Amino acid sequence: MNGNCNTCSTHNVGTLVQLGVEMHDTDFVVALGGNPNTGKSTVFNALTGLRQHTGNWPGKTVARAEGAFVFGDKRYRIVDLPGTYSLLATSIDEEIARDFILFGQPDVTVIVVDATRLERNLNLVFQVLEITDRVVICLNLMDEARRHGLKVDDRMLARELGVPVVPTSARFDEGIAELTQAIHEVATRQTIGKPHRIVSESPIVKQAVDELGKRVETLYPGLPNGRWVAMRLLDGDEAIMAAIRSGELGALQQPALIRNRSESEIPGSIPAGSTRDVNTEQQEPLPETTDAAGDGIISLASELRWNIGEDLQGTLMQTIYAEAARITDKSITRPGGHSSFDLDRFVDRIVTSRWLGFPIMLLLLMLVFWITVIGANYPSAFLSWLLLDTIQGLLKAGSAQVGLPWWLDGILIDGVYLCTAWVVAVMLPPMAIFFPMFTLLEDLGYLPRVTFNMDKMFQRVGAHGKQALTMCMGFGCNAAGVIACRVIDSPRERLIAIITNNFSLCNGRWPTQILLAAIFLGALVPPWLAGFATAAAVVGVALLGVLLSLLVSWILSQTMLRGEVSTFSLELPPYRPPRILQTLYTSLIDRTLFVLWRAIIFAAPAGGVIWIISNVDVANMSIAEYLIGWLEPVGLLIGLNGIILLAYIVAIPANEIVIPTVLMLTALVGGMTDVGEGAGVIFKLDSLADTREVLDAGGWTILTVINLMLFSLLHNPCSTTIYTIWKETGSLKWTMVATLLPLTTGLTTCFLVAQIWRLVFGW
Amino acid sequence: MIDPIFALSVFATIAAILAIVFWPVRGLFWYWQRVYWKSELVDVEDALKHVYNCEYTSRPSTVDSLAGCLSITTDRAVDLVQRLDELDLLVTKDNTFHLTTSGREAALRVIRIHRLWERYLADRTGLKESTWHAFADRREHSTSPREVEALSARLGSPRFDPHGDPIPLPDGQMPAERGIALTKLGVGQSATIVHVEDEPDAIYAQLVAEGLHPGMVIRVIESAASRIRFDADGEEVVLAPIVAASIAVVPISVHAHVEEPFERLSNLQISERGKVVGISPACRGSQMRRLLDLGFVQGTEVEAELLSPGGDPTAYRVRGALIALRKDQAKLVYITRMGKGGPDEREL
């Protein structure tokens with residue numbers, strides 16, 4: 001309490017003798033409670049000199065640990081209770097903690113409190129103060145509070161709570177001497193607490209607690225707080241009712257139990273977990289009257305519960321939070337952020353304004369895409385040169401020298417290696433540019449504002465505003481978008497976001513769209529409009545994806561995922577300068593690892609499969625040709641062809657190899673030998689005119705192109721994404737829905753477009 | 001090649017069949033499912049419930065009321081009554097039905113299950129209020145006694161369902177009916193809503209749309225033959241008397257502590273300020289805890305700071321943080337209005 005008085009006797013640490021587990025003939029019992037992760041075990045170790053394992057995760061104290069120390073001429077036994085957030089006995093931990101404080105009747109209860117999260121911790125403090133007045137608050141983690149710039153007024157806190165408060169940093173042994181001094185004073189009754197107790201504001205509840213509390217206090221005059229028992233009874237607490245019925249509660253008032261115990265009598269010495277039968281051995285036969293009176297109290301409580309309605313929990317919780325907030329505000333001063341506050345407000349007014357909000361958002365998004373597309377060209381070209389032209393050539397030469405059989409050389413180099421290298425060259429650069437920019441916008445604090453602006457639209461379709469963000473992430477990579485759905489905390493809305501994420505055109509599909517639009521649609525208009533027409537077509541497809549994802553969200557929220565938006569709350573954090581270098585570095589590493597992992601796990605086997613089906617002949621025809629023949633009728637029905645369907649089936653692992661596979665298969669089926677890298681090797685052509693020539697020879701029309709652009713948007717997610725959805729939802733059903741829903745949409749859309757097209761324009 | 005017209009016709013036919021079978025709620029599939037669930041047991045339990053409710057609210061239960069309540073023909077209702085009579089659950093006196101002791105026990109058991117499920121749906125799920133009743137109606141026939149007690153324990157043995165109806169105890173204990181109809185209040189009188197009747201659906205839907213819940217404090221402003229106008233937790237509501245009669249209230253005595261007038265957080269315009277006085281009784285359990293965690297606790301000053309360009313949500317400045325809430329949730333926070341926020345007043 002008085003850290004500044006160097007002359008104080010409490011500074012004489014020499015008076016503290018740590019006894020570890022030697023616990024004979026202790027004079028006082030001290031219970032140690034607190035929220036998880038407040039450094040409770042560290043305080044325990046500092047007091048006893050033991051090394052109980054401590055760690056930075058909640059709920060670590062599994063079994064009850066005990067230790068001892070000597071202060072002055074008194075011996076103290078200290079019992080470490082499980083870390084809990086409350087004493088309402090909704091979990092075993094809470095029940096053990098509460099039973100010990102209530103039935104074990106420790107001489108002092110020390111509550112360890114996290115100084116940086118005082119408001120949250122006070123809930124437990126209030127509950128302990130309801131049960132007993134022999135409390136010392138150990139305000140721990142003062143070092144962290146100082147680091148956060150918090151000014152903690154422990155004297156004010158002590159005045160508000162009515163019990164001693166000792167600031168400590170148990171990790172550095174700071175304040176431990178003062179803590180033992182305070183424990184000693186409370187144990188020896190030199191300090192008597194006047195604990196702050198919360199009174200319900202509802203008149204009905206107050207009346208009920210008064211009435212029942214008086215009955216309890218009359219029956220059990222030795223109880224420290226009859227009102228608390230009354231309150232628990234009114235809340236329907238089964239454990240307390242059981243304690244009344246069994247006479248446990250009655251036994252607490254017997255003075256013989258409270259003073260002069262030898263070790264065997266101390267209830268705490270019963271092993272953890274069996275606290276239920278505390279006191280049963282030394283219990284005197286209870287007077288007959290108590291039984292009937294106890295039942296009377298229970299039935300009175302049951303009757304009163306009808307009068308007070310369901311309000312008790314609600315109003316009480318509100319009162320507790322309000323008190324916690326008030327006391328925290330009084331005793332903790334946070335570092336002022338005034339200067340940035342008004343600038344934030346000014347910026348917020350602009351980026352969320354009616355006229356500028358959306359334009360700014362669109363501009364930023366377009367800027368991100370522009371930088372991604374332009375910026376990715378150079379590294380992509382370099383990787384393509386390195387991996388596809390140079391290294392592949394070297395590998396080929398190497399295998400020729402070693403004399404690998406042609407099929408092994410084909411599978412490994414033309415199949416597996418080529419496909420893996422292709423995926424890396426196409427995907428890595430845009431991913432490594434797109435995602436760091438997103439992270440920067442997030443660090444800056446802008447992304448929550450996007451959610452804020454877009455929420456109304458998503459609210460209309462029964463989704464969460466944060467789906468705007470996961471959709472944007474999907475434009476980079478659907479698997480990343482699905483993972484990002486974790487930020488949506490209500491399960492229903494999260495599922496909607498996961499299922500519809502595939503409608504965002506990902507980086508693996510942009511090149512397909514751009515290529516097709518440039519070759520075929522750009523050629524339909526005069527040259528000076530070609531660039532514009534291409535861009536408009538691609539943006540049109542992407543927007544169609546956005547519209548469909550909203551539509552599907554709406555349909556899902558009306559059918560399979562019915563229900564109201566449970567809760568929406570969004571914190572708009574203050575703007576912060578992003579840590580650019582660190583973000584770039586970690587993001588680059590993350591994305592590179594992700595792309596490599598995906599290329600090796602998913603794309604490499606696909607490469608092998610593609611090579612095999614197009615090179616292994618059965619009765620003079622490759623497997624691919626058989627498959628294409630079978631798929632052709634279906635392909636034609638939906639305005640595509642067998643080659644495209646086969647390419648989509650073998651390219652499930654990676655959308656970016658669809659076009660190279662289509663080119664290869666078209667050349668194979670058409671018997672074109674003058675293009676590409678040889679039979680069954682996926683390729684791309686350097687000039688758009690050459691590509692067009694191959695595809696024209698394959699029988700492509702404008703309808704084929706339009707439908708392929710649509711199908712590229714609307715088909716099953718790539719296998720990486722399917723796998724991610726399965727990992728994230730943990731459900732086969734939802735994975736199937738997320739896979740088949742876009743595929744069905746795509747097949748239906750392409751079918752309708754093809755048939756209507758043919759109806760209007762003929763074959 | 002396939003003729004496009006033929007292909008499109010086949011498609012249209014398939015789509016139509018799928019729509020007829022799987023159309024939400026009215027599709028054949030859902031109809032069959034409902035028929036499958038609707039067994040004799042369901043009818044018996046529903047009939048017991050109906051008779052019990054009539055007894056509880058002192059209305060007579062007749063063959064006609066039973067047929068109307070269960071949506072069955074009068075013939076079927078007569079059969080059902082005979083069956084109940086055989087099972088010794090019910091006796092008929094002067095054309096009205098009365099439950100026997102075992103009949104009452106059975107009815108209370110079903111009612112307990114129904115109301116516990118409603119409590120569960122209200123506290124633990126985000127399902128719409130208008131769907132609670134139908135869901136509970138289905139589950140009340142298929143929940144075992146042990147499951148019921150587990151559910152009750154999980155919910156903290158609640159005493160009231162979200163409509164304010166008491167949940168019978170396992171031994172069948174129920175309090176006498178509380179409250180009077182809202183229509184019986186005089187002008188200027190204040191009362192607490194204790195019950196919102198959830199049948200018939202049409203009237204209940206209207207009450208839900210007005211956001212009326214047990215626990216709300218109301219004050220009658222005007223009471224005429226054609227309409228009743230009253231203030232409910234800061235918002236004015238106008239109801240036809242036949243609708244208002246579905247609300248039971250307990251008048252607040254003059255001695256009780258009456259709060260100063262308050263309104264909802266959603267009423268605040270940008271840069272207006274208020275002080276939180278509480279959270280609506282419509283919001284309980286984890287949802288309320290969330291609002292409290294965000295800082296919407298009694299006595300906290302709140303300022304509406306930003307409005308989304310879409311018109312919803314609104315961002316509020318609370319305890320130094322900027323928190324966006326949708327209108328639906330901002331409605332659940334009660335405030336008293338304070339002066340406008342200026343730079344000099346904005347001390348944190």
# chains A, B, ... in the order shown; residues from 1 in each chain; ligands from 1

$ closest_atom_pairs --of "chain B" --to "chain A" --cutoff "8 Å" --atoms "only C-alpha atoms" --output "JSON lines"
{"residue": "B:Ile2", "atom": "CA", "partner": "A:Leu637", "partner_atom": "CA", "distance": 7.8}
{"residue": "B:Pro4", "atom": "CA", "partner": "A:Gln755", "partner_atom": "CA", "distance": 5.0}
{"residue": "B:Ile5", "atom": "CA", "partner": "A:Leu759", "partner_atom": "CA", "distance": 7.2}
{"residue": "B:Ala7", "atom": "CA", "partner": "A:Gln755", "partner_atom": "CA", "distance": 7.2}
{"residue": "B:Leu8", "atom": "CA", "partner": "A:Gln755", "partner_atom": "CA", "distance": 6.8}
{"residue": "B:Pro24", "atom": "CA", "partner": "A:Thr559", "partner_atom": "CA", "distance": 6.6}
{"residue": "B:Thr125", "atom": "CA", "partner": "A:Ser566", "partner_atom": "CA", "distance": 7.3}
{"residue": "B:Gly126", "atom": "CA", "partner": "A:Ser566", "partner_atom": "CA", "distance": 4.3}
{"residue": "B:Leu127", "atom": "CA", "partner": "A:Gly563", "partner_atom": "CA", "distance": 4.3}
{"residue": "B:Lys128", "atom": "CA", "partner": "A:Glu564", "partner_atom": "CA", "distance": 5.4}
{"residue": "B:Gly156", "atom": "CA", "partner": "A:Gly236", "partner_atom": "CA", "distance": 6.9}
{"residue": "B:Ser157", "atom": "CA", "partner": "A:Gly236", "partner_atom": "CA", "distance": 6.3}
{"residue": "B:Pro158", "atom": "CA", "partner": "A:Glu310", "partner_atom": "CA", "distance": 7.2}
{"residue": "B:Arg159", "atom": "CA", "partner": "A:Trp306", "partner_atom": "CA", "distance": 6.8}
{"residue": "B:Phe160", "atom": "CA", "partner": "A:Glu310", "partner_atom": "CA", "distance": 6.3}
{"residue": "B:Gly164", "atom": "CA", "partner": "A:Gly309", "partner_atom": "CA", "distance": 8.0}
{"residue": "B:Pro166", "atom": "CA", "partner": "A:Trp306", "partner_atom": "CA", "distance": 7.6}
{"residue": "B:Pro175", "atom": "CA", "partner": "A:Trp306", "partner_atom": "CA", "distance": 6.8}
{"residue": "B:Gly215", "atom": "CA", "partner": "A:Asp311", "partner_atom": "CA", "distance": 7.6}
{"residue": "B:Ala256", "atom": "CA", "partner": "A:Pro203", "partner_atom": "CA", "distance": 7.2}
{"residue": "B:His257", "atom": "CA", "partner": "A:Pro203", "partner_atom": "CA", "distance": 7.4}
{"residue": "B:Gly278", "atom": "CA", "partner": "A:Gln318", "partner_atom": "CA", "distance": 7.1}
{"residue": "B:Ile279", "atom": "CA", "partner": "A:Gln318", "partner_atom": "CA", "distance": 7.9}
{"residue": "B:Pro281", "atom": "CA", "partner": "A:Asp311", "partner_atom": "CA", "distance": 7.7}
{"residue": "B:Arg284", "atom": "CA", "partner": "A:Gly314", "partner_atom": "CA", "distance": 6.5}
{"residue": "B:Gly285", "atom": "CA", "partner": "A:Gly314", "partner_atom": "CA", "distance": 7.6}
{"residue": "B:Gln287", "atom": "CA", "partner": "A:Thr567", "partner_atom": "CA", "distance": 7.2}
{"residue": "B:Met288", "atom": "CA", "partner": "A:Gly314", "partner_atom": "CA", "distance": 7.9}
{"residue": "B:Leu292", "atom": "CA", "partner": "A:Tyr321", "partner_atom": "CA", "distance": 6.9}
{"residue": "B:Val297", "atom": "CA", "partner": "A:Ala322", "partner_atom": "CA", "distance": 5.2}
{"residue": "B:Gln298", "atom": "CA", "partner": "A:Ala322", "partner_atom": "CA", "distance": 5.1}
{"residue": "B:Gly299", "atom": "CA", "partner": "A:Ala322", "partner_atom": "CA", "distance": 6.8}
{"residue": "B:Thr300", "atom": "CA", "partner": "A:Ala322", "partner_atom": "CA", "distance": 7.9}
{"residue": "B:Leu306", "atom": "CA", "partner": "A:Arg349", "partner_atom": "CA", "distance": 6.9}
{"residue": "B:Leu307", "atom": "CA", "partner": "A:Thr352", "partner_atom": "CA", "distance": 7.4}
{"residue": "B:Ser308", "atom": "CA", "partner": "A:Asn453", "partner_atom": "CA", "distance": 5.1}
{"residue": "B:Pro309", "atom": "CA", "partner": "A:Arg354", "partner_atom": "CA", "distance": 4.5}
{"residue": "B:Gly310", "atom": "CA", "partner": "A:Lys456", "partner_atom": "CA", "distance": 5.5}
{"residue": "B:Gly311", "atom": "CA", "partner": "A:Lys456", "partner_atom": "CA", "distance": 7.2}
{"residue": "B:Asp312", "atom": "CA", "partner": "A:Lys456", "partner_atom": "CA", "distance": 5.7}
{"residue": "B:Pro313", "atom": "CA", "partner": "A:Phe452", "partner_atom": "CA", "distance": 6.9}
{"residue": "B:Ala315", "atom": "CA", "partner": "A:Leu572", "partner_atom": "CA", "distance": 7.9}
{"residue": "B:Ala321", "atom": "CA", "partner": "A:Pro573", "partner_atom": "CA", "distance": 7.1}
{"residue": "B:Leu322", "atom": "CA", "partner": "A:Leu572", "partner_atom": "CA", "distance": 5.2}
{"residue": "B:Ile323", "atom": "CA", "partner": "A:Glu571", "partner_atom": "CA", "distance": 4.5}
{"residue": "B:Ala324", "atom": "CA", "partner": "A:Leu570", "partner_atom": "CA", "distance": 5.0}
{"residue": "B:Leu325", "atom": "CA", "partner": "A:Ser569", "partner_atom": "CA", "distance": 5.2}
{"residue": "B:Arg326", "atom": "CA", "partner": "A:Phe568", "partner_atom": "CA", "distance": 6.5}
{"residue": "B:Gln329", "atom": "CA", "partner": "A:Thr567", "partner_atom": "CA", "distance": 7.5}

$ write_last_selection --atoms "C-alpha atoms" --output "compact mmCIF listing (two decimals), in the first residue's frame"
# COMPACT_ATOMS: atom_id res chain seq x y z
CA ILE B 2 -30.19 -30.14 -79.52
CA PRO B 4 -32.44 -24.58 -77.95
CA ILE B 5 -36.19 -24.37 -77.45
CA ALA B 7 -33.34 -27.63 -74.15
CA LEU B 8 -34.81 -24.55 -72.48
CA PRO B 24 -39.07 -22.70 -48.60
CA THR B 125 -29.31 -18.13 -30.70
CA GLY B 126 -29.81 -15.31 -33.15
CA LEU B 127 -33.05 -16.72 -34.50
CA LYS B 128 -35.88 -14.32 -35.19
CA GLY B 156 -29.46 -21.29 -15.06
CA SER B 157 -32.91 -22.71 -14.17
CA PRO B 158 -34.89 -19.77 -15.53
CA ARG B 159 -38.38 -19.04 -14.27
CA PHE B 160 -39.82 -17.13 -17.22
CA GLY B 164 -42.84 -13.27 -19.75
CA PRO B 166 -43.77 -18.50 -16.12
CA PRO B 175 -47.72 -18.96 -9.93
CA GLY B 215 -39.74 -5.93 -18.57
CA ALA B 256 -41.94 2.90 -6.63
CA HIS B 257 -38.82 4.60 -7.81
CA GLY B 278 -29.39 0.58 -19.05
CA ILE B 279 -29.94 -2.16 -21.55
CA PRO B 281 -34.93 -6.37 -21.29
CA ARG B 284 -30.19 -10.80 -22.20
CA GLY B 285 -27.45 -13.31 -21.67
CA GLN B 287 -25.78 -10.48 -26.09
CA MET B 288 -26.10 -8.15 -23.14
CA LEU B 292 -21.47 -4.29 -21.60
CA VAL B 297 -22.68 0.44 -19.07
CA GLN B 298 -24.83 2.57 -16.81
CA GLY B 299 -23.54 6.08 -16.33
CA THR B 300 -21.23 6.05 -19.34
CA LEU B 306 -20.19 8.93 -37.45
CA LEU B 307 -23.02 7.79 -39.66
CA SER B 308 -22.24 5.24 -42.35
CA PRO B 309 -22.94 6.58 -45.85
CA GLY B 310 -25.48 3.75 -46.11
CA GLY B 311 -27.46 5.25 -43.19
CA ASP B 312 -26.64 2.36 -40.85
CA PRO B 313 -24.58 1.54 -38.72
CA ALA B 315 -20.34 4.78 -34.72
CA ALA B 321 -13.19 3.90 -28.21
CA LEU B 322 -15.19 4.31 -31.41
CA ILE B 323 -17.75 1.49 -31.66
CA ALA B 324 -20.13 0.97 -34.58
CA LEU B 325 -23.54 -0.56 -33.85
CA ARG B 326 -26.40 -1.32 -36.18
CA GLN B 329 -28.67 -3.01 -31.48

$ select_by_dssp --residues "segment 97-318 of chain B" --states "alpha helix (DSSP H)" --output "ChimeraX atom specification"
/B:101-124,129-139,145-154,201-209,241-244,285-294

$ residues_around --residues "Asp153 of chain A" --least-positions-apart "5" --cutoff "9 Å" --atoms "only C-alpha atoms" --output "MDAnalysis selection string"
chainID A and resid 158 330:333

$ write_last_selection --atoms "N, CA, C and O atoms" --output "short mmCIF file (atom, residue, chain, number, x, y, z; two decimals), in the first residue's frame"
data_model
loop_
_atom_site.label_atom_id
_atom_site.label_comp_id
_atom_site.auth_asym_id
_atom_site.auth_seq_id
_atom_site.Cartn_x
_atom_site.Cartn_y
_atom_site.Cartn_z
N ALA A 158 -8.15 1.26 -3.11
CA ALA A 158 -8.38 0.69 -1.77
C ALA A 158 -9.55 1.38 -1.09
O ALA A 158 -10.39 0.73 -0.45
N LYS A 330 -11.97 6.12 -11.85
CA LYS A 330 -11.48 6.93 -10.74
C LYS A 330 -10.03 6.62 -10.42
O LYS A 330 -9.27 7.49 -10.05
N SER A 331 -9.64 5.34 -10.55
CA SER A 331 -8.32 4.98 -10.05
C SER A 331 -7.27 4.79 -11.14
O SER A 331 -6.11 4.60 -10.81
N ILE A 332 -7.66 4.82 -12.39
CA ILE A 332 -6.66 4.65 -13.45
C ILE A 332 -6.74 5.79 -14.46
O ILE A 332 -7.82 6.12 -14.96
N THR A 333 -5.60 6.41 -14.72
CA THR A 333 -5.54 7.46 -15.72
C THR A 333 -4.81 6.92 -16.93
O THR A 333 -3.70 6.41 -16.82
#

$ select_by_dssp --residues "segment 40-98 of chain B" --states "strand (DSSP E)" --output "number ranges by chain"
B: 90-93, 96-98

$ write_last_selection --atoms "all heavy atoms" --output "mmCIF file, in the first residue's frame"
data_model
loop_
_atom_site.group_PDB
_atom_site.id
_atom_site.type_symbol
_atom_site.label_atom_id
_atom_site.label_comp_id
_atom_site.auth_asym_id
_atom_site.auth_seq_id
_atom_site.Cartn_x
_atom_site.Cartn_y
_atom_site.Cartn_z
ATOM 1 N N LEU B 90 -58.900 -35.911 -19.209
ATOM 2 C CA LEU B 90 -59.796 -34.775 -19.369
ATOM 3 C C LEU B 90 -61.232 -35.193 -19.087
ATOM 4 O O LEU B 90 -61.614 -36.335 -19.366
ATOM 5 C CB LEU B 90 -59.632 -34.308 -20.814
ATOM 6 C CG LEU B 90 -60.483 -33.222 -21.438
ATOM 7 C CD1 LEU B 90 -59.596 -32.404 -22.319
ATOM 8 C CD2 LEU B 90 -61.596 -33.842 -22.251
ATOM 9 N N VAL B 91 -62.027 -34.306 -18.496
ATOM 10 C CA VAL B 91 -63.456 -34.574 -18.328
ATOM 11 C C VAL B 91 -64.247 -33.426 -18.945
ATOM 12 O O VAL B 91 -63.760 -32.284 -18.994
ATOM 13 C CB VAL B 91 -63.846 -34.722 -16.840
ATOM 14 C CG1 VAL B 91 -63.311 -36.013 -16.288
ATOM 15 C CG2 VAL B 91 -63.370 -33.520 -16.047
ATOM 16 N N THR B 92 -65.448 -33.727 -19.437
ATOM 17 C CA THR B 92 -66.277 -32.695 -20.056
ATOM 18 C C THR B 92 -67.435 -32.359 -19.123
ATOM 19 O O THR B 92 -68.109 -33.257 -18.612
ATOM 20 C CB THR B 92 -66.835 -33.192 -21.392
ATOM 21 O OG1 THR B 92 -65.777 -33.806 -22.120
ATOM 22 C CG2 THR B 92 -67.429 -32.050 -22.192
ATOM 23 N N LYS B 93 -67.622 -31.070 -18.870
ATOM 24 C CA LYS B 93 -68.731 -30.610 -18.033
ATOM 25 C C LYS B 93 -69.389 -29.433 -18.735
ATOM 26 O O LYS B 93 -68.696 -28.463 -19.071
ATOM 27 C CB LYS B 93 -68.215 -30.166 -16.654
ATOM 28 C CG LYS B 93 -68.536 -31.151 -15.537
ATOM 29 C CD LYS B 93 -68.085 -30.586 -14.199
ATOM 30 C CE LYS B 93 -66.933 -31.390 -13.631
ATOM 31 N NZ LYS B 93 -66.148 -30.635 -12.647
ATOM 32 N N THR B 96 -67.764 -27.709 -21.729
ATOM 33 C CA THR B 96 -66.380 -27.217 -21.639
ATOM 34 C C THR B 96 -65.528 -28.322 -21.022
ATOM 35 O O THR B 96 -66.043 -29.201 -20.321
ATOM 36 C CB THR B 96 -66.273 -25.945 -20.772
ATOM 37 O OG1 THR B 96 -66.719 -26.256 -19.466
ATOM 38 C CG2 THR B 96 -67.069 -24.811 -21.350
ATOM 39 N N PHE B 97 -64.229 -28.237 -21.298
ATOM 40 C CA PHE B 97 -63.336 -29.311 -20.865
ATOM 41 C C PHE B 97 -62.601 -28.922 -19.596
ATOM 42 O O PHE B 97 -62.286 -27.757 -19.374
ATOM 43 C CB PHE B 97 -62.296 -29.614 -21.957
ATOM 44 C CG PHE B 97 -62.911 -29.837 -23.308
ATOM 45 C CD1 PHE B 97 -62.434 -29.185 -24.434
ATOM 46 C CD2 PHE B 97 -63.989 -30.704 -23.440
ATOM 47 C CE1 PHE B 97 -63.005 -29.385 -25.660
ATOM 48 C CE2 PHE B 97 -64.563 -30.922 -24.676
ATOM 49 C CZ PHE B 97 -64.086 -30.252 -25.798
ATOM 50 N N HIS B 98 -62.314 -29.899 -18.786
ATOM 51 C CA HIS B 98 -61.511 -29.673 -17.587
ATOM 52 C C HIS B 98 -60.466 -30.762 -17.494
ATOM 53 O O HIS B 98 -60.778 -31.936 -17.731
ATOM 54 C CB HIS B 98 -62.400 -29.676 -16.352
ATOM 55 C CG HIS B 98 -63.465 -28.627 -16.414
ATOM 56 N ND1 HIS B 98 -63.241 -27.326 -16.060
ATOM 57 C CD2 HIS B 98 -64.741 -28.702 -16.867
ATOM 58 C CE1 HIS B 98 -64.359 -26.623 -16.271
ATOM 59 N NE2 HIS B 98 -65.283 -27.433 -16.763
#

$ atom_distance --atom1 "atom CA of Gly295 of chain B" --atom2 "atom CA of Pro36 of chain A"
21.5 Å

$ atom_distance --atom1 "atom CA of Gln33 of chain B" --atom2 "atom CA of Val78 of chain B"
25.7 Å

$ atom_distance --atom1 "atom CA of Val546 of chain A" --atom2 "atom CA of Leu646 of chain A"
26.9 Å

$ residues_around --residues "segment 47-57 of chain B" --least-positions-apart "4" --cutoff "9 Å" --atoms "only C-alpha atoms" --output "ChimeraX atom specification"
/B:42-43,61-62,65-66,69-70,77,80-81,84,89-90,97-99,103-104,106-108,110-111,176-177

$ residues_around --residues "segment 242-245 of chain B" --least-positions-apart "4" --cutoff "10 Å" --atoms "only C-alpha atoms" --output "PyMOL selection string"
chain B and resi 180-184+196-197+202-204+206-207+225-229+238+249
